[in-house]
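Peer 1: Following this message is one structure expressed as structure tokens.
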Amino acid sequence: MPRFSVIVPAYKVQAYLHECLESVLEQSFADLELIAVDDCSPDGCGAIIDEFAARDSRVRPVHLPRNVGLGRARNAGLDHATGDYLVFLDGDDTLTPDTLRAIADRLKDTSEPDVLVYDYARTYWNGDIVRNRFADQLSERGPAPFRLDDRPGLLRVLMVVWNKAYRREFVEREGLAFPPGYYEDTPWTYPALISARTIATLDRVCVHYRQRRRGNILGTSSRSHFDIFEQYDRVFAHLDAHPELARWRPVLFRRMVDHLSTVFSKRGRLPRGTRAEFLRKARTHYRRYRTPGAPVRPRTRLRHALVRLGNHRTYRLLALATSAHKKALRRVKGLLRKVRGGALQFHYRVQLRLPLRADRAVFSSYWGRGHGCNPGALESAFRALAPHIRTAWIAHPEHHHTIPASTRRLRPGTTAYWTALARSKYLVNNVNFDRRLVKRPGQIMIQTQHGTPLKYMGLDLQDRPAAARDTDFAELLRNADKWDYCLSGNRHSTLVWERVFPASYTTLEYGLPRNDVFQRATSTDVTRLRQSLGIPEGTVALLYAPTYRDYRRTQRLALDLERVLRRLGPRFVVLARAHHSYAAALSAHSGARLIDVSDHPSVENLCLASDALVTDYSSLMFDYAVLDRPIVIHADDWEAYQASRGTYFDLRAFPPGAVARSEDELIDIFATGHWRGSRSTQLRTAFRERFCPYEDGRAAERVVRHVVLGESGGLPRVLSPAQRHPVPSAAAARPVTPLATVPAPAAAPVTAPVTAVPVAETL
């Protein structure tokens with residue numbers, strides 16, 4: 001008897017069925033049967049199912065003699081199911097990797113509940129992926145299993161059959177089956193949840209719910225949408241047959257009215273001429289099943305009133321009035337925005353005529369994010385070395401908590417913001433300020449940059465349309481003309497910046513201020529940071545930080561982090577940090593050993609807490625090399641990245657450590673200990689000497705003394721790499737031993753040779 005019976009009905013989904021079935025059969029948890037039901041599909045679904053059955057004995061094909069619809073096709077699959085748990089998946093959707101293993105582990109941890117509810121994400125045809133907005137209802141905190149009375153908020157999660165696993169004995173005991181017609185999930189999911197004696201949740205995206213360009217069947221115009229009335233008749237019939245569940249009647253009544261009003265209000269669902277009829281039937285159901293007791297949210301009261309009245313003309317009048325009201329509001333808001341914008345610009349022009357304040361400095365980084373990076377380190381140095389300068393930081397409100405208490409907080413677009421830009425003597429940023437900023441005589445602008453360039457930057461992107469996209473190169477040069485100083489960490493950066501941002505600024509080749517902390521931090525700081533991140537004591541923490549891909553619209557998941565951790569065993573932990581250009585985390589599942597740190601405000605603190613860096617082509621490698629800790633490069637798409645973005649040297653020929661060209665090679669590098677072996681140390685030493693000549697912990701001091709205090713000579717002497725002592729990692733003192741849990745590789749992992757290439761030859 002298998003652990004899972006995965007039931008997949010298929011009808012007119014031949015373009016997606018391969019991916020769907022493969023997502024099941026390629027699961028790391030293999031104890032399953034896949035029941036694929038061909039609902040007499042007129043396309044190639046039946047042949048595809050037979051092909052999969054011929055090559056994998058776990059596939060059980062079921063061919064129906066006639067088309068019976070989604071619900072009855074699932075019933076046909078149920079008749080053949082023998083697994084402990086039932087998992088449903090539509091033929092155009094997919095399971096995410098390791099889903100069944102995660103479900104199996106959670107079922108075991110929660111004492112085999114009747115129903116396990118897990119999460120999903122909508123995957124759109126244009127590549128966008130959006131997680132369920134009610135994911136917070138799936139929290140695994142608190143006791144489990146539980147009854148629905150303990151977590152009624154679960155009813156807010158999409159009421160479909162495929163985001164839950166059901167114990168087969170429970171389904172048979174309750175006599176659950178799918179009815180014919182549209183909305184067939186409704187009389188299954190509600191009875192299942194309210195009848196279940198034990199429920200658990202899994203806070204993990206397990207299903208990718210495909211959103212087709214032309215929508216799904218429920219988005220098509222058809223009288224079949226009237227089936228919803230019979231489906232709710234079945235839901236309330238179940239309540240009538242189980243008096244002990246009567247307490248759920250008010251909630252289900254409210255849910256029904258919400259659902260009916262949604263179907264009615266969705267454009268294009270109801271055929272022309274049937275809307276009045278639908279509303280009349282909705283009014284009948286409202287009166288038939290009305291049960292007071294469930295509060296109606298204020299924003300849905302109008303829709304409930306429309307269903308209660310059931311008058312189409314009233315609805316149309318209200319809809320027209322609402323539409324006119326919204327249009328008027330939009331016009332008023334637009335006018336107010338223009339008036340406010342004009343007033344702010346008038347205020348700015350007035351401020352430009354007032355004297356500069358020599359004791360003011362304003363800072364920002366990454367387009368209004370929090371206190372950090374090179375501007376953050378410089379702001380701290382301003383306060384320490386030039387206390388007569390009053391500092392302010394520009395950031396959006398959600399990042400204000402990162403700003404030191406002694407630093408003034410500014411919101412972009414406010415009068416205080418424009419006043420600061422107009423009258424502060426010092427302007428510091430790692431990107432560009434508002435393009436409307438007027439650089440005044442006497443103002444000093446410091447462009448800190450935010451790393452050492454591996455990829456093409458500035459004017460070099462003119463021949464790289466995928467990377468340049470809508471870059472206005474004339475605007476880029478106008479911004480560079482406002483710079484007085486540009487910071488550089490090494491000769492390589494200096495040569496690149498002065499060529500790709502040609503202007504009259506002065507380059508300060510002093511090192512990058514944000515890396516000063518690596519020389520000042522102590523072992524106590526490292527221990528504290530690891531504890532705050534939840535890194536288990538005695539483990540090796542790998543910081544995984546991939547860069548942005550110009551040739552892709554969506555985030556590229558190059559590594560299966562859960563598989564990597566499984567192969568490496570409990571000694572390893574991964575801190576996963578997505579690039580700031582993406583809004584999503586690298587992993588949908590975060591736990592004790594896979595910790596998502598994408599929203600952590602300080603990448604420097606993450607570097608200090610980790611024992612090694614795993615990256616691809618991120619400039620973070622140049623900063624991490626300052627710590628003299630192991631770096632492993634995962635370069636599985638170097639050719640594509642180099643072709644789309646362009647790079648200043650071949651990283652594979654001059655890497656900061658071992659280079660892996662596949663996930664298995666990466667695992668081997670850590671399993672065998674090569675990640676911190678002598679070869680890795682040699683590569684890192686050569687890399688540090690070339691790219692970290694000034695990173696001795698006093699870069700910010702040199703900038704402040706030169707720019708603010710006017711000390712052109714006598715700046716702090718730069719310590720050589722041999723004289724520096726960055727804080728060691730937590731794992732530095734542990735012996736290097738291969739892992740017994742991972743088989744030794746067939747051949748030594750691929751690493752690049754040590755080659756001391758002069759800088760000029762690699763630009």
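Please note that chains go A, B, ... in the order of the structure tokens, that every chain numbers its residues from 1, and that ligands are numbered from 1 in the order shown.
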So that I can see what lies close to Glu695 of chain A, please list as a ChimeraX atom specification the residues with an atom at most 12 Å from it, counting only C-alpha atoms and leaving out residues fewer than 5 positions away in the same chain.

Peer 2: /A:488-490,509-520,622-628,688-690,700-702,717-726

Peer 1: Please identify all polymer residues within 6 Å of segment 451-460 of chain A, counting only C-alpha atoms, omitting same-chain residues fewer than 6 positions from it, and present them as a ChimeraX atom specification.

Peer 2: /A:493,500,619,646-648

Peer 1: Can you measure atom CA of Val614 of chain A to atom CA of Ala541 of chain A for me? One decimal in Å is fine.

Peer 2: 10.4 Å

Peer 1: Can you pull out every residue within 10 Å of segment 48-55 of chain A, counting only C-alpha atoms, but drop anything in the same chain fewer than 3 positions away, and send it as a ChimeraX atom specification?

Peer 2: /A:10,14,17-18,21-22,25,34-38,43-45,58-63

Peer 1: DSSP on the backbone, then: every residue of segment 81-214 of chain A marked strand (DSSP E), written as a count of residues only.

Peer 2: 36

Peer 1: Which distance in Å separates atom CA of Arg464 of chain A and atom CA of Asp550 of chain A, to one decimal?

Peer 2: 9.7 Å

Peer 1: Find the residues near Arg267 of chain A: any atom within 10 Å, counting only C-alpha atoms, skip ones fewer than 3 places away on the same chain, and give them as a PyMOL selection string.

Peer 2: chain A and resi 219-221+262-264+270-271

Peer 1: If we count only C-alpha atoms, what is near segment 522-536 of chain A at a cut-off of 7 Å, once residues fewer than 2 positions away on the same chain are taken out, given as a list in words?

Peer 2: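 Counting only C-alpha atoms, the residues come to Arg520, Gly538, Thr539, Asn605, Leu608, Ala609 and Val727 of chain A.
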
Peer 1: Next, write the just-selected residues to a file, as a PDB file, in the first residue's frame, keeping all heavy atoms as the atom set.

Peer 2:
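Contents of part15.pdb, freshly written:
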ATOM      1  N   ARG A 520      36.636  45.190  12.402  1.00  0.00           N
ATOM      2  CA  ARG A 520      36.343  45.632  13.763  1.00  0.00           C
ATOM      3  C   ARG A 520      35.541  44.626  14.573  1.00  0.00           C
ATOM      4  O   ARG A 520      35.572  44.641  15.810  1.00  0.00           O
ATOM      5  CB  ARG A 520      35.570  46.951  13.733  1.00  0.00           C
ATOM      6  CG  ARG A 520      36.322  48.106  13.098  1.00  0.00           C
ATOM      7  CD  ARG A 520      35.673  49.423  13.473  1.00  0.00           C
ATOM      8  NE  ARG A 520      34.254  49.451  13.141  1.00  0.00           N
ATOM      9  CZ  ARG A 520      33.757  49.941  12.013  1.00  0.00           C
ATOM     10  NH1 ARG A 520      34.591  50.428  11.100  1.00  0.00           N
ATOM     11  NH2 ARG A 520      32.474  49.944  11.778  1.00  0.00           N
ATOM     12  N   GLY A 538      27.348  24.719  16.510  1.00  0.00           N
ATOM     13  CA  GLY A 538      28.132  23.610  15.974  1.00  0.00           C
ATOM     14  C   GLY A 538      27.901  23.313  14.516  1.00  0.00           C
ATOM     15  O   GLY A 538      28.492  22.379  13.971  1.00  0.00           O
ATOM     16  N   THR A 539      27.045  24.101  13.831  1.00  0.00           N
ATOM     17  CA  THR A 539      26.779  23.859  12.412  1.00  0.00           C
ATOM     18  C   THR A 539      27.609  24.792  11.542  1.00  0.00           C
ATOM     19  O   THR A 539      28.135  25.806  12.005  1.00  0.00           O
ATOM     20  CB  THR A 539      25.292  24.065  12.084  1.00  0.00           C
ATOM     21  OG1 THR A 539      24.911  25.405  12.440  1.00  0.00           O
ATOM     22  CG2 THR A 539      24.423  23.073  12.831  1.00  0.00           C
ATOM     23  N   ASN A 605      26.238  41.850   8.306  1.00  0.00           N
ATOM     24  CA  ASN A 605      26.019  40.979   9.464  1.00  0.00           C
ATOM     25  C   ASN A 605      25.810  39.532   9.050  1.00  0.00           C
ATOM     26  O   ASN A 605      26.227  38.607   9.750  1.00  0.00           O
ATOM     27  CB  ASN A 605      24.828  41.470  10.280  1.00  0.00           C
ATOM     28  CG  ASN A 605      25.154  42.701  11.107  1.00  0.00           C
ATOM     29  OD1 ASN A 605      26.319  43.039  11.293  1.00  0.00           O
ATOM     30  ND2 ASN A 605      24.130  43.380  11.590  1.00  0.00           N
ATOM     31  N   LEU A 608      29.202  38.097   8.437  1.00  0.00           N
ATOM     32  CA  LEU A 608      29.893  37.804   9.697  1.00  0.00           C
ATOM     33  C   LEU A 608      29.354  36.533  10.342  1.00  0.00           C
ATOM     34  O   LEU A 608      30.101  35.749  10.931  1.00  0.00           O
ATOM     35  CB  LEU A 608      29.740  38.983  10.659  1.00  0.00           C
ATOM     36  CG  LEU A 608      30.560  40.232  10.331  1.00  0.00           C
ATOM     37  CD1 LEU A 608      30.101  41.411  11.172  1.00  0.00           C
ATOM     38  CD2 LEU A 608      32.040  39.964  10.549  1.00  0.00           C
ATOM     39  N   ALA A 609      28.050  36.300  10.233  1.00  0.00           N
ATOM     40  CA  ALA A 609      27.438  35.135  10.882  1.00  0.00           C
ATOM     41  C   ALA A 609      27.726  33.838  10.140  1.00  0.00           C
ATOM     42  O   ALA A 609      27.669  32.757  10.732  1.00  0.00           O
ATOM     43  CB  ALA A 609      25.932  35.340  10.994  1.00  0.00           C
ATOM     44  N   VAL A 727      37.832  39.022  11.826  1.00  0.00           N
ATOM     45  CA  VAL A 727      37.301  38.078  12.804  1.00  0.00           C
ATOM     46  C   VAL A 727      37.098  36.712  12.142  1.00  0.00           C
ATOM     47  O   VAL A 727      36.551  36.620  11.043  1.00  0.00           O
ATOM     48  CB  VAL A 727      35.983  38.607  13.409  1.00  0.00           C
ATOM     49  CG1 VAL A 727      34.923  38.814  12.339  1.00  0.00           C
ATOM     50  CG2 VAL A 727      35.476  37.665  14.483  1.00  0.00           C
TER      51      VAL A 727
END

Peer 1: I need the residue nearest Val205 of chain A from this list: A:Asn163, A:Ser5, A:Ser380, A:Thr448. Use only C-alpha atoms for the distance.

Peer 2: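 Using only C-alpha atoms, Val205 of chain A sits closest to A:Asn163.
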
Peer 1: Near Leu575 of chain A, counting only C-alpha atoms, which residues have an atom at most 6 Å away, once you skip same-chain residues fewer than 4 positions from it, shown as a list of chain:residue names?

Peer 2: A:Leu542, A:Leu543, A:Tyr544, A:Ile595, A:Asp596

Peer 1: Which one of A:Cys607, A:Ala405, A:Ala686, A:Val431 sits closest to Tyr366 of chain A if you count only C-alpha atoms?

Peer 2: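 Of A:Cys607, A:Ala405, A:Ala686, A:Val431, the one nearest Tyr366 of chain A is A:Val431, counting only C-alpha atoms.
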
Peer 1: Within 7 Å of segment 568-572 of chain A, counting only C-alpha atoms, which residues qualify if same-chain residues fewer than 2 places away don't, as a PyMOL selection string?

Peer 2: chain A and resi 539-541+564-566+574+667+671+741-742

Peer 1: Atoms to include: N, CA and C atoms. Write the selected residues as a PDB file, in the first residue's frame.

Peer 2:
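Output contents, as saved in again-v5.pdb:
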ATOM      1  N   THR A 539      27.045  24.101  13.831  1.00  0.00           N
ATOM      2  CA  THR A 539      26.779  23.859  12.412  1.00  0.00           C
ATOM      3  C   THR A 539      27.609  24.792  11.542  1.00  0.00           C
ATOM      4  N   VAL A 540      27.733  24.430  10.264  1.00  0.00           N
ATOM      5  CA  VAL A 540      28.409  25.264   9.273  1.00  0.00           C
ATOM      6  C   VAL A 540      27.338  26.042   8.525  1.00  0.00           C
ATOM      7  N   ALA A 541      27.387  27.363   8.607  1.00  0.00           N
ATOM      8  CA  ALA A 541      26.378  28.217   7.978  1.00  0.00           C
ATOM      9  C   ALA A 541      26.883  28.706   6.628  1.00  0.00           C
ATOM     10  N   VAL A 564      20.253  20.003  -1.423  1.00  0.00           N
ATOM     11  CA  VAL A 564      21.642  20.219  -1.015  1.00  0.00           C
ATOM     12  C   VAL A 564      21.810  19.928   0.471  1.00  0.00           C
ATOM     13  N   LEU A 565      20.900  20.441   1.285  1.00  0.00           N
ATOM     14  CA  LEU A 565      20.990  20.219   2.727  1.00  0.00           C
ATOM     15  C   LEU A 565      20.783  18.755   3.086  1.00  0.00           C
ATOM     16  N   ARG A 566      19.883  18.100   2.380  1.00  0.00           N
ATOM     17  CA  ARG A 566      19.650  16.672   2.641  1.00  0.00           C
ATOM     18  C   ARG A 566      20.910  15.869   2.361  1.00  0.00           C
ATOM     19  N   VAL A 574      21.805  26.638   5.654  1.00  0.00           N
ATOM     20  CA  VAL A 574      21.884  27.608   4.557  1.00  0.00           C
ATOM     21  C   VAL A 574      21.116  28.866   4.936  1.00  0.00           C
ATOM     22  N   ILE A 667      27.768  20.114  -4.190  1.00  0.00           N
ATOM     23  CA  ILE A 667      27.636  19.217  -3.039  1.00  0.00           C
ATOM     24  C   ILE A 667      28.950  18.499  -2.776  1.00  0.00           C
ATOM     25  N   ALA A 671      31.118  18.262   0.554  1.00  0.00           N
ATOM     26  CA  ALA A 671      31.189  16.932   1.156  1.00  0.00           C
ATOM     27  C   ALA A 671      32.629  16.471   1.353  1.00  0.00           C
ATOM     28  N   THR A 741      28.148  10.977   5.182  1.00  0.00           N
ATOM     29  CA  THR A 741      26.785  10.796   4.669  1.00  0.00           C
ATOM     30  C   THR A 741      26.669  10.990   3.170  1.00  0.00           C
ATOM     31  N   VAL A 742      27.722  11.498   2.542  1.00  0.00           N
ATOM     32  CA  VAL A 742      27.677  11.757   1.113  1.00  0.00           C
ATOM     33  C   VAL A 742      28.736  10.936   0.412  1.00  0.00           C
TER      34      VAL A 742
END

Peer 1: Please give the complete set of residues from segment 17-246 of chain A that DSSP, run on the backbone, assigns to helix (DSSP H, G or I), formatted as a PyMOL selection string.

Peer 2: chain A and resi 17-25+45-55+70-79+99-109+135-138+148-150+152-156+161-163+168-174+186-195+217-219+223-241+243-246

Peer 1: Give me, please, the distance in Å between atom CA of Ser261 of chain A and atom CA of Arg249 of chain A, quoted to one decimal.

Peer 2: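 If I compute the distance from atom CA of Ser261 of chain A to atom CA of Arg249 of chain A, I get 18.3 Å.
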
Peer 1: Considering only C-alpha atoms, state which residue in the set A:Arg147, A:Pro716, A:Lys12, A:Val708 is at the smallest distance from Tyr694 of chain A.

Peer 2: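 Under the stated criterion, the closest residue is A:Pro716.
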